$ cat data-v3.pdb   # PDB, N, CA and C atoms
MODEL        1
ATOM      1  N   MET A 621      13.025  28.047 -39.818
ATOM      2  CA  MET A 621      12.883  27.865 -41.242
ATOM      3  C   MET A 621      14.276  27.882 -41.877
ATOM      4  N   PRO A 622      14.566  26.939 -42.767
ATOM      5  CA  PRO A 622      15.896  26.869 -43.386
ATOM      6  C   PRO A 622      16.181  28.063 -44.287
ATOM      7  N   ARG A 623      17.452  28.374 -44.393
ATOM      8  CA  ARG A 623      17.908  29.428 -45.301
ATOM      9  C   ARG A 623      18.660  28.785 -46.449
ATOM     10  N   TYR A 624      18.408  29.271 -47.636
ATOM     11  CA  TYR A 624      19.053  28.761 -48.833
ATOM     12  C   TYR A 624      19.812  29.895 -49.495
ATOM     13  N   ASP A 625      21.008  29.584 -50.003
ATOM     14  CA  ASP A 625      21.827  30.566 -50.707
ATOM     15  C   ASP A 625      21.619  30.412 -52.208
ATOM     16  N   TYR A 626      21.513  31.544 -52.882
ATOM     17  CA  TYR A 626      21.331  31.586 -54.329
ATOM     18  C   TYR A 626      22.339  32.550 -54.927
ATOM     19  N   ARG A 627      22.644  32.351 -56.208
ATOM     20  CA  ARG A 627      23.496  33.276 -56.947
ATOM     21  C   ARG A 627      22.798  33.615 -58.254
ATOM     22  N   CYS A 628      22.793  34.901 -58.568
ATOM     23  CA  CYS A 628      22.213  35.366 -59.824
ATOM     24  C   CYS A 628      23.260  35.220 -60.914
ATOM     25  N   ARG A 629      22.907  34.558 -61.985
ATOM     26  CA  ARG A 629      23.838  34.377 -63.103
ATOM     27  C   ARG A 629      23.966  35.645 -63.941
ATOM     28  N   THR A 630      22.998  36.534 -63.845
ATOM     29  CA  THR A 630      23.025  37.760 -64.632
ATOM     30  C   THR A 630      23.934  38.810 -64.001
ATOM     31  N   CYS A 631      23.719  39.106 -62.716
ATOM     32  CA  CYS A 631      24.493  40.175 -62.066
ATOM     33  C   CYS A 631      25.564  39.661 -61.109
ATOM     34  N   GLY A 632      25.561  38.358 -60.793
ATOM     35  CA  GLY A 632      26.565  37.777 -59.922
ATOM     36  C   GLY A 632      26.296  37.945 -58.439
ATOM     37  N   ASP A 633      25.172  38.550 -58.061
ATOM     38  CA  ASP A 633      24.825  38.764 -56.667
ATOM     39  C   ASP A 633      24.541  37.426 -55.985
ATOM     40  N   THR A 634      25.002  37.282 -54.750
ATOM     41  CA  THR A 634      24.691  36.112 -53.929
ATOM     42  C   THR A 634      23.778  36.561 -52.810
ATOM     43  N   PHE A 635      22.702  35.797 -52.553
ATOM     44  CA  PHE A 635      21.712  36.207 -51.568
ATOM     45  C   PHE A 635      21.111  34.994 -50.889
ATOM     46  N   GLU A 636      20.496  35.214 -49.724
ATOM     47  CA  GLU A 636      19.844  34.161 -48.948
ATOM     48  C   GLU A 636      18.334  34.335 -49.007
ATOM     49  N   VAL A 637      17.634  33.201 -48.953
ATOM     50  CA  VAL A 637      16.176  33.212 -48.891
ATOM     51  C   VAL A 637      15.761  32.213 -47.818
ATOM     52  N   SER A 638      14.919  32.634 -46.887
ATOM     53  CA  SER A 638      14.349  31.734 -45.888
ATOM     54  C   SER A 638      13.024  31.219 -46.425
ATOM     55  N   ARG A 639      12.917  29.906 -46.500
ATOM     56  CA  ARG A 639      11.676  29.291 -46.992
ATOM     57  C   ARG A 639      11.590  27.869 -46.499
ATOM     58  N   SER A 640      10.410  27.313 -46.573
ATOM     59  CA  SER A 640      10.217  25.944 -46.102
ATOM     60  C   SER A 640      10.961  24.972 -47.017
ATOM     61  N   MET A 641      11.221  23.786 -46.490
ATOM     62  CA  MET A 641      11.917  22.779 -47.284
ATOM     63  C   MET A 641      11.090  22.362 -48.493
ATOM     64  N   ALA A 642       9.781  22.382 -48.367
ATOM     65  CA  ALA A 642       8.910  22.015 -49.480
ATOM     66  C   ALA A 642       9.041  22.993 -50.643
ATOM     67  N   ASP A 643       9.388  24.252 -50.348
ATOM     68  CA  ASP A 643       9.530  25.276 -51.387
ATOM     69  C   ASP A 643      10.976  25.501 -51.802
ATOM     70  N   SER A 644      11.897  24.665 -51.354
ATOM     71  CA  SER A 644      13.320  24.909 -51.590
ATOM     72  C   SER A 644      13.707  24.918 -53.061
ATOM     73  N   SER A 645      12.994  24.203 -53.911
ATOM     74  CA  SER A 645      13.362  24.181 -55.322
ATOM     75  C   SER A 645      12.487  25.083 -56.190
ATOM     76  N   ALA A 646      11.671  25.926 -55.579
ATOM     77  CA  ALA A 646      10.853  26.865 -56.353
ATOM     78  C   ALA A 646      11.742  27.940 -56.985
ATOM     79  N   ASP A 647      11.318  28.472 -58.127
ATOM     80  CA  ASP A 647      12.064  29.549 -58.781
ATOM     81  C   ASP A 647      12.219  30.731 -57.841
ATOM     82  N   THR A 648      13.411  31.332 -57.844
ATOM     83  CA  THR A 648      13.712  32.439 -56.945
ATOM     84  C   THR A 648      14.421  33.540 -57.716
ATOM     85  N   PRO A 649      13.765  34.663 -57.950
ATOM     86  CA  PRO A 649      14.450  35.774 -58.617
ATOM     87  C   PRO A 649      15.410  36.466 -57.657
ATOM     88  N   CYS A 650      16.453  37.099 -58.187
ATOM     89  CA  CYS A 650      17.389  37.824 -57.331
ATOM     90  C   CYS A 650      16.726  39.119 -56.853
ATOM     91  N   PRO A 651      17.275  39.760 -55.818
ATOM     92  CA  PRO A 651      16.681  40.987 -55.275
ATOM     93  C   PRO A 651      16.559  42.114 -56.300
ATOM     94  N   VAL A 652      17.397  42.081 -57.342
ATOM     95  CA  VAL A 652      17.326  43.105 -58.392
ATOM     96  C   VAL A 652      16.217  42.787 -59.388
ATOM     97  N   GLY A 653      15.788  41.520 -59.436
ATOM     98  CA  GLY A 653      14.687  41.132 -60.305
ATOM     99  C   GLY A 653      15.054  40.199 -61.435
ATOM    100  N   HIS A 654      16.319  39.807 -61.543
ATOM    101  CA  HIS A 654      16.711  38.866 -62.598
ATOM    102  C   HIS A 654      16.169  37.476 -62.273
ATOM    103  N   ASP A 655      15.808  36.731 -63.315
ATOM    104  CA  ASP A 655      15.218  35.405 -63.124
ATOM    105  C   ASP A 655      16.212  34.255 -63.226
ATOM    106  N   ASP A 656      17.412  34.504 -63.736
ATOM    107  CA  ASP A 656      18.390  33.442 -63.954
ATOM    108  C   ASP A 656      19.233  33.242 -62.697
ATOM    109  N   THR A 657      18.696  32.481 -61.740
ATOM    110  CA  THR A 657      19.411  32.224 -60.489
ATOM    111  C   THR A 657      19.641  30.734 -60.312
ATOM    112  N   VAL A 658      20.601  30.413 -59.469
ATOM    113  CA  VAL A 658      20.917  29.023 -59.183
ATOM    114  C   VAL A 658      21.071  28.873 -57.669
ATOM    115  N   LYS A 659      20.520  27.779 -57.130
ATOM    116  CA  LYS A 659      20.656  27.497 -55.701
ATOM    117  C   LYS A 659      22.050  26.936 -55.471
ATOM    118  N   LEU A 660      22.747  27.470 -54.473
ATOM    119  CA  LEU A 660      24.109  27.046 -54.178
ATOM    120  C   LEU A 660      24.111  25.903 -53.174
ATOM    121  N   LEU A 661      25.098  25.066 -53.287
ATOM    122  CA  LEU A 661      25.297  23.998 -52.323
ATOM    123  C   LEU A 661      25.965  24.605 -51.104
ATOM    124  N   THR A 662      25.334  24.486 -49.970
ATOM    125  CA  THR A 662      25.910  25.018 -48.744
ATOM    126  C   THR A 662      26.146  23.881 -47.774
ATOM    127  N   THR A 663      27.179  24.030 -46.984
ATOM    128  CA  THR A 663      27.494  23.034 -45.980
ATOM    129  C   THR A 663      27.686  23.708 -44.643
ATOM    130  N   PHE A 664      27.494  22.948 -43.604
ATOM    131  CA  PHE A 664      27.771  23.456 -42.272
ATOM    132  C   PHE A 664      28.311  22.297 -41.454
ATOM    133  N   GLY A 665      29.110  22.618 -40.484
ATOM    134  CA  GLY A 665      29.704  21.583 -39.655
ATOM    135  C   GLY A 665      29.269  21.727 -38.216
ATOM    136  N   VAL A 666      29.094  20.607 -37.598
ATOM    137  CA  VAL A 666      28.762  20.582 -36.185
ATOM    138  C   VAL A 666      29.800  19.703 -35.521
ATOM    139  N   GLY A 667      30.463  20.240 -34.525
ATOM    140  CA  GLY A 667      31.507  19.479 -33.853
ATOM    141  C   GLY A 667      31.010  18.881 -32.558
ATOM    142  N   GLY A 668      31.679  17.853 -32.139
ATOM    143  CA  GLY A 668      31.342  17.246 -30.857
ATOM    144  C   GLY A 668      30.298  16.166 -30.988
ATOM    145  N   SER A 669      29.856  15.723 -29.821
ATOM    146  CA  SER A 669      28.868  14.667 -29.763
ATOM    147  C   SER A 669      27.957  14.913 -28.579
ATOM    148  N   ALA A 670      26.713  14.611 -28.725
ATOM    149  CA  ALA A 670      25.762  14.817 -27.639
ATOM    150  C   ALA A 670      26.066  13.916 -26.450
ATOM    151  N   SER A 671      26.686  12.776 -26.707
ATOM    152  CA  SER A 671      26.959  11.846 -25.617
ATOM    153  C   SER A 671      28.348  12.043 -25.006
ATOM    154  N   ALA A 672      29.198  12.857 -25.636
ATOM    155  CA  ALA A 672      30.544  13.071 -25.116
ATOM    156  C   ALA A 672      30.503  13.991 -23.901
ATOM    157  N   GLN A 673      31.323  13.668 -22.930
ATOM    158  CA  GLN A 673      31.422  14.487 -21.730
ATOM    159  C   GLN A 673      32.876  14.881 -21.538
ATOM    160  N   ARG A 674      33.092  16.076 -21.038
ATOM    161  CA  ARG A 674      34.445  16.539 -20.781
ATOM    162  C   ARG A 674      35.078  15.748 -19.661
ATOM    163  N   GLY A 675      36.371  15.480 -19.846
ATOM    164  CA  GLY A 675      37.127  14.857 -18.782
ATOM    165  C   GLY A 675      36.934  13.356 -18.656
ATOM    166  N   THR A 676      36.148  12.743 -19.508
ATOM    167  CA  THR A 676      35.966  11.295 -19.438
ATOM    168  C   THR A 676      36.529  10.668 -20.690
ATOM    169  N   GLN A 677      37.005   9.469 -20.551
ATOM    170  CA  GLN A 677      37.528   8.738 -21.688
ATOM    171  C   GLN A 677      36.780   7.419 -21.797
ATOM    172  N   SER A 678      36.481   7.038 -23.017
ATOM    173  CA  SER A 678      35.825   5.746 -23.203
ATOM    174  C   SER A 678      36.896   4.679 -23.369
ATOM    175  N   ALA A 679      36.513   3.458 -23.148
ATOM    176  CA  ALA A 679      37.444   2.337 -23.291
ATOM    177  C   ALA A 679      37.792   2.166 -24.754
ATOM    178  N   PRO A 680      39.026   1.808 -25.058
ATOM    179  CA  PRO A 680      39.400   1.602 -26.453
ATOM    180  C   PRO A 680      38.675   0.397 -27.031
ATOM    181  N   PRO A 681      38.391   0.427 -28.322
ATOM    182  CA  PRO A 681      37.709  -0.712 -28.930
ATOM    183  C   PRO A 681      38.589  -1.952 -28.868
ATOM    184  N   SER A 682      37.971  -3.099 -28.733
ATOM    185  CA  SER A 682      38.735  -4.340 -28.688
ATOM    186  C   SER A 682      38.009  -5.402 -29.481
ATOM    187  N   GLY A 683      38.746  -6.415 -29.894
ATOM    188  CA  GLY A 683      38.132  -7.544 -30.548
ATOM    189  C   GLY A 683      38.053  -7.431 -32.049
ATOM    190  N   GLY A 684      38.725  -6.509 -32.672
ATOM    191  CA  GLY A 684      38.744  -6.445 -34.122
ATOM    192  C   GLY A 684      37.538  -5.749 -34.706
ATOM    193  N   CYS A 685      37.132  -6.202 -35.884
ATOM    194  CA  CYS A 685      36.132  -5.499 -36.656
ATOM    195  C   CYS A 685      34.731  -5.599 -36.104
ATOM    196  N   CYS A 686      34.423  -6.640 -35.378
ATOM    197  CA  CYS A 686      33.052  -6.811 -34.921
ATOM    198  C   CYS A 686      32.966  -7.269 -33.466
ATOM    199  N   GLY A 687      33.933  -6.885 -32.684
ATOM    200  CA  GLY A 687      33.893  -7.259 -31.280
ATOM    201  C   GLY A 687      34.484  -8.625 -30.991
ATOM    202  N   GLY A 688      35.023  -9.278 -31.996
ATOM    203  CA  GLY A 688      35.719 -10.555 -31.774
ATOM    204  C   GLY A 688      34.854 -11.785 -31.887
ATOM    205  N   GLY A 689      33.561 -11.635 -32.122
ATOM    206  CA  GLY A 689      32.694 -12.801 -32.149
ATOM    207  C   GLY A 689      32.615 -13.503 -33.484
ATOM    208  N   CYS A 690      32.805 -12.782 -34.582
ATOM    209  CA  CYS A 690      32.566 -13.422 -35.878
ATOM    210  C   CYS A 690      33.801 -13.517 -36.760
ATOM    211  N   CYS A 691      34.911 -12.960 -36.359
ATOM    212  CA  CYS A 691      36.112 -12.997 -37.188
ATOM    213  C   CYS A 691      36.959 -14.217 -36.828
ATOM    214  N   SER A 692      37.444 -14.888 -37.846
ATOM    215  CA  SER A 692      38.268 -16.080 -37.598
ATOM    216  C   SER A 692      39.694 -15.804 -37.936
TER     217      SER A 692
ENDMDL
END
$ encode --input "data-v3.pdb" --output "structure tokens"
Amino acid sequence: MPRYDYRCRTCGDTFEVSRSMADSSADTPCPVGHDDTVKLLTTFGVGGSASAQRGTQSAPPSGGCCGGGCCS
């Protein structure tokens, strides 16, 4: 289940709530009970590639923007 970060505008507390994506925009009071909260934009990064393998190199791209078939 996804976790969403919220910040209370009244007390400044930042907190997480686990809820379904369908409920992600539902009103969420802070743990102290204040109702003026805002959902924060959160980001996460994932490095690498599922198809990349260690120790192997792929061939460099060739042929320009589209493989050389359509550029004049």
$ closest_residue --input "data-v3.pdb" --among "A:Ser638, A:Thr657, A:Thr648, A:Thr662" --to "A:Arg623" --atoms "only N, CA and C atoms"
A:Ser638
$ resolve_selection --input "data-v3.pdb" --expression "the PyMOL selection byres (((chain A and resi 659 and name CA) around 12) and name CA)" --output "list of chain:residue names"
A:Arg623, A:Tyr624, A:Asp625, A:Tyr626, A:Arg627, A:Cys628, A:Arg629, A:Thr634, A:Phe635, A:Glu636, A:Val637, A:Ser644, A:Ser645, A:Ala646, A:Asp647, A:Thr648, A:Pro649, A:Cys650, A:Asp656, A:Thr657, A:Val658, A:Leu660, A:Leu661, A:Thr662
$ atom_distance --input "data-v3.pdb" --atom1 "atom C of A:His654" --atom2 "atom CA of A:Arg639"
17.9 Å
$ atom_distance --input "data-v3.pdb" --atom1 "atom C of A:Asp655" --atom2 "atom CA of A:Asp643"
16.3 Å
$ atom_distance --input "data-v3.pdb" --atom1 "atom CA of A:Gly653" --atom2 "atom C of A:Gly632"
12.2 Å
